[in-house]
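One structure is given below, encoded as structure tokens.
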Amino acid sequence: MTGFEFVFSLFALLLGLSVAEVLGGFARAVQKRRKIRIGWLAPLLGLVVVLDVSSYWLVAWAIRDVIPIDYFPMMCGIVICGLYYLVASLVFPHDLDEWPELDAYYFEHKWQVVYGVLGCNALALGAVMTLGLNPLASLHSQIAVALFLASAIALVRVADKRWNIALLVFMALQYPVSSALRMVGA
């Protein structure tokens, strides 16, 4: 086992728990669907969180050869992965009986989730830069980050349900579109 594999096993555990937290919240909501109204907002927000967690996981893997196995990088990873877990735990309420309308829960808590995801991304960008890499070197990366940041800030500020759905779909689509553009060299 390499040093990276040793350290990454902890990150993988925390990131996996984050995904499990979102999926578990959705599963609890589906199980209570006769007593609560699920709506589109919380599930779409959960999708964005899961996609963002997976993108962080992929970035960590891509830069594995330049990550030193030391205390500071380990703590950076724990902070970012821990924040992802916290964010994931806020996507769905733990007591669904208190929130029979998940859209109401979403509007009450979306800012915490969105700012948490932005915090994870900012910390990850900063951590990558401390390794001497420039994650914003390409125009594609600059546009992707700007679009994500703008849509996330708009999501927090917009109160209209339809606009929230549209922004969440737009944010979710950015992950596969960005990946496809990178694969074709755009």
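As shown in the structure tokens, the chain order sets the letters A, B, ...; within each chain, residues go from 1, and ligands are also counted from 1 in the order they appear.
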In chain A, DSSP alpha helix (DSSP H) residues written as a count of residues only: 142
Who sits within 12 Å of Ala42 (chain A), only C-alpha atoms, same chain under 2 positions skipped, as a PyMOL selection string: chain A and resi 22-23+25-26+29-30+37-40+44-49+88-93+99+101-110+113-114+161+164-165+168-169
Restrict the selected residues to C-alpha atoms and save them as a compact mmCIF listing (two decimals), in the first residue's frame.
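Result file follows (selection.txt):
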```
# COMPACT_ATOMS: atom_id res chain seq x y z
CA VAL A 22 -27.55 11.91 1.05
CA LEU A 23 -28.80 8.58 -0.28
CA GLY A 25 -31.92 10.83 3.54
CA PHE A 26 -33.55 10.30 0.17
CA ALA A 29 -38.06 10.39 2.41
CA VAL A 30 -39.19 7.82 -0.16
CA ARG A 37 -44.35 15.68 0.11
CA ILE A 38 -40.86 15.11 -1.29
CA GLY A 39 -40.90 17.57 -4.19
CA TRP A 40 -37.95 18.18 -6.49
CA LEU A 44 -31.91 17.82 -6.76
CA LEU A 45 -29.81 19.50 -4.07
CA GLY A 46 -28.74 16.04 -2.93
CA LEU A 47 -27.75 15.19 -6.49
CA VAL A 48 -25.59 18.32 -6.69
CA VAL A 49 -23.90 17.42 -3.39
CA ALA A 88 -24.54 16.02 3.14
CA SER A 89 -26.24 15.59 6.51
CA LEU A 90 -28.17 18.84 5.97
CA VAL A 91 -29.69 17.96 2.58
CA PHE A 92 -32.61 16.00 4.06
CA PRO A 93 -34.12 16.41 7.54
CA TRP A 99 -40.94 18.56 7.88
CA GLU A 101 -43.11 19.43 3.10
CA LEU A 102 -39.48 18.94 2.01
CA ASP A 103 -39.57 22.07 -0.13
CA ALA A 104 -40.04 24.09 3.09
CA TYR A 105 -37.04 22.32 4.63
CA TYR A 106 -35.02 23.01 1.48
CA PHE A 107 -35.74 26.74 1.54
CA GLU A 108 -34.84 26.88 5.23
CA HIS A 109 -31.51 25.03 4.83
CA LYS A 110 -30.32 25.44 1.24
CA VAL A 113 -25.67 23.33 2.03
CA VAL A 114 -24.71 25.58 -0.88
CA LYS A 161 -39.35 27.40 -6.67
CA ASN A 164 -34.45 26.95 -7.85
CA ILE A 165 -35.26 23.80 -9.82
CA LEU A 168 -30.18 22.98 -9.49
CA VAL A 169 -30.58 21.21 -12.84
```
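Counting only C-alpha atoms, the residue from A:Gln142, A:Asn121, A:Ser55, A:Gln112 that sits nearest to Val79 (chain A) is A:Asn121.
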Polymer residues at most 10 Å from region 175-183 of chain A, only C-alpha atoms, same-chain spacing of 4 or more positions, as number ranges by chain: A: 48, 51-52, 54-55, 140-141, 143-144, 148, 170-171
Those selected residues, please, written with N, CA and C atoms and delivered as a CSV table (one decimal), in the first residue's frame.
```csv
chain,number,residue,atom,x,y,z
A,48,VAL,N,-26.7,17.4,-6.5
A,48,VAL,CA,-25.6,18.3,-6.7
A,48,VAL,C,-24.5,18.0,-5.7
A,51,LEU,N,-22.7,14.8,-6.7
A,51,LEU,CA,-21.8,15.1,-7.9
A,51,LEU,C,-20.6,15.9,-7.4
A,52,ASP,N,-20.8,16.8,-6.5
A,52,ASP,CA,-19.6,17.6,-6.1
A,52,ASP,C,-18.6,16.7,-5.3
A,54,SER,N,-18.2,13.6,-5.6
A,54,SER,CA,-17.5,12.7,-6.6
A,54,SER,C,-16.4,13.5,-7.4
A,55,SER,N,-16.7,14.7,-7.7
A,55,SER,CA,-15.7,15.5,-8.4
A,55,SER,C,-14.5,15.8,-7.5
A,140,HIS,N,-11.2,26.6,-19.8
A,140,HIS,CA,-12.3,25.8,-19.5
A,140,HIS,C,-12.5,25.7,-17.9
A,141,SER,N,-11.5,25.6,-17.2
A,141,SER,CA,-11.6,25.6,-15.7
A,141,SER,C,-12.1,26.9,-15.2
A,143,ILE,N,-14.0,29.1,-16.7
A,143,ILE,CA,-15.4,29.2,-17.0
A,143,ILE,C,-16.3,28.3,-16.1
A,144,ALA,N,-15.8,27.1,-15.9
A,144,ALA,CA,-16.6,26.1,-15.1
A,144,ALA,C,-16.7,26.6,-13.7
A,148,PHE,N,-20.2,27.8,-11.9
A,148,PHE,CA,-20.7,27.1,-10.7
A,148,PHE,C,-20.9,28.1,-9.6
A,170,PHE,N,-29.2,23.1,-13.7
A,170,PHE,CA,-28.1,23.6,-14.4
A,170,PHE,C,-26.8,23.3,-13.7
A,171,MET,N,-26.8,23.4,-12.3
A,171,MET,CA,-25.6,23.0,-11.6
A,171,MET,C,-25.3,21.5,-11.7
```
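Among A:Val184, A:Ile36, A:Gly126, A:Leu13, the residue with the shortest atom-to-atom distance to Glu98 (chain A), counting only C-alpha atoms, is A:Ile36.
When only C-alpha atoms are used to compute distances to Val19 (chain A), the closest of the residues A:Leu86, A:Ala150, A:Met1, A:Ala127 turns out to be A:Leu86.
Here the question is which of A:Arg162, A:Val7, A:Pro100, A:Tyr115 gets nearest to Lys32 (chain A) using only C-alpha atoms, and that residue is A:Pro100.
Counting from CA of Cys81 (chain A), the distance to CA of Gly185 (chain A) is 29.4 Å.
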Arg64 (chain A) environment, 9 Å, only C-alpha atoms, sequence neighbours closer than 5 positions dropped, as a list in words: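 The residues satisfying every condition are Phe4, Glu5, Phe8 and Val59 of chain A.
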Store the residues of this selection in a file with N, CA and C atoms, as an mmCIF file, in the first residue's frame.
```cif
data_model
loop_
_atom_site.group_PDB
_atom_site.id
_atom_site.type_symbol
_atom_site.label_atom_id
_atom_site.label_comp_id
_atom_site.auth_asym_id
_atom_site.auth_seq_id
_atom_site.Cartn_x
_atom_site.Cartn_y
_atom_site.Cartn_z
ATOM 1 N N PHE A 4 -0.142 7.346 -0.347
ATOM 2 C CA PHE A 4 -1.385 7.971 -0.796
ATOM 3 C C PHE A 4 -2.570 7.051 -0.549
ATOM 4 N N GLU A 5 -2.416 5.769 -0.877
ATOM 5 C CA GLU A 5 -3.519 4.822 -0.668
ATOM 6 C C GLU A 5 -3.890 4.739 0.808
ATOM 7 N N PHE A 8 -5.609 8.101 1.569
ATOM 8 C CA PHE A 8 -6.839 8.226 0.788
ATOM 9 C C PHE A 8 -7.929 7.295 1.303
ATOM 10 N N VAL A 59 -10.614 14.654 -8.315
ATOM 11 C CA VAL A 59 -9.493 15.601 -8.286
ATOM 12 C C VAL A 59 -8.384 15.070 -7.380
#
```
Closest of A:Leu123, A:Ala27, A:Ala146, A:Ile78 to Leu14 (chain A) - atom-to-atom distances counting only C-alpha atoms: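 With only C-alpha atoms as the atom set, the closest residue is A:Ile78.
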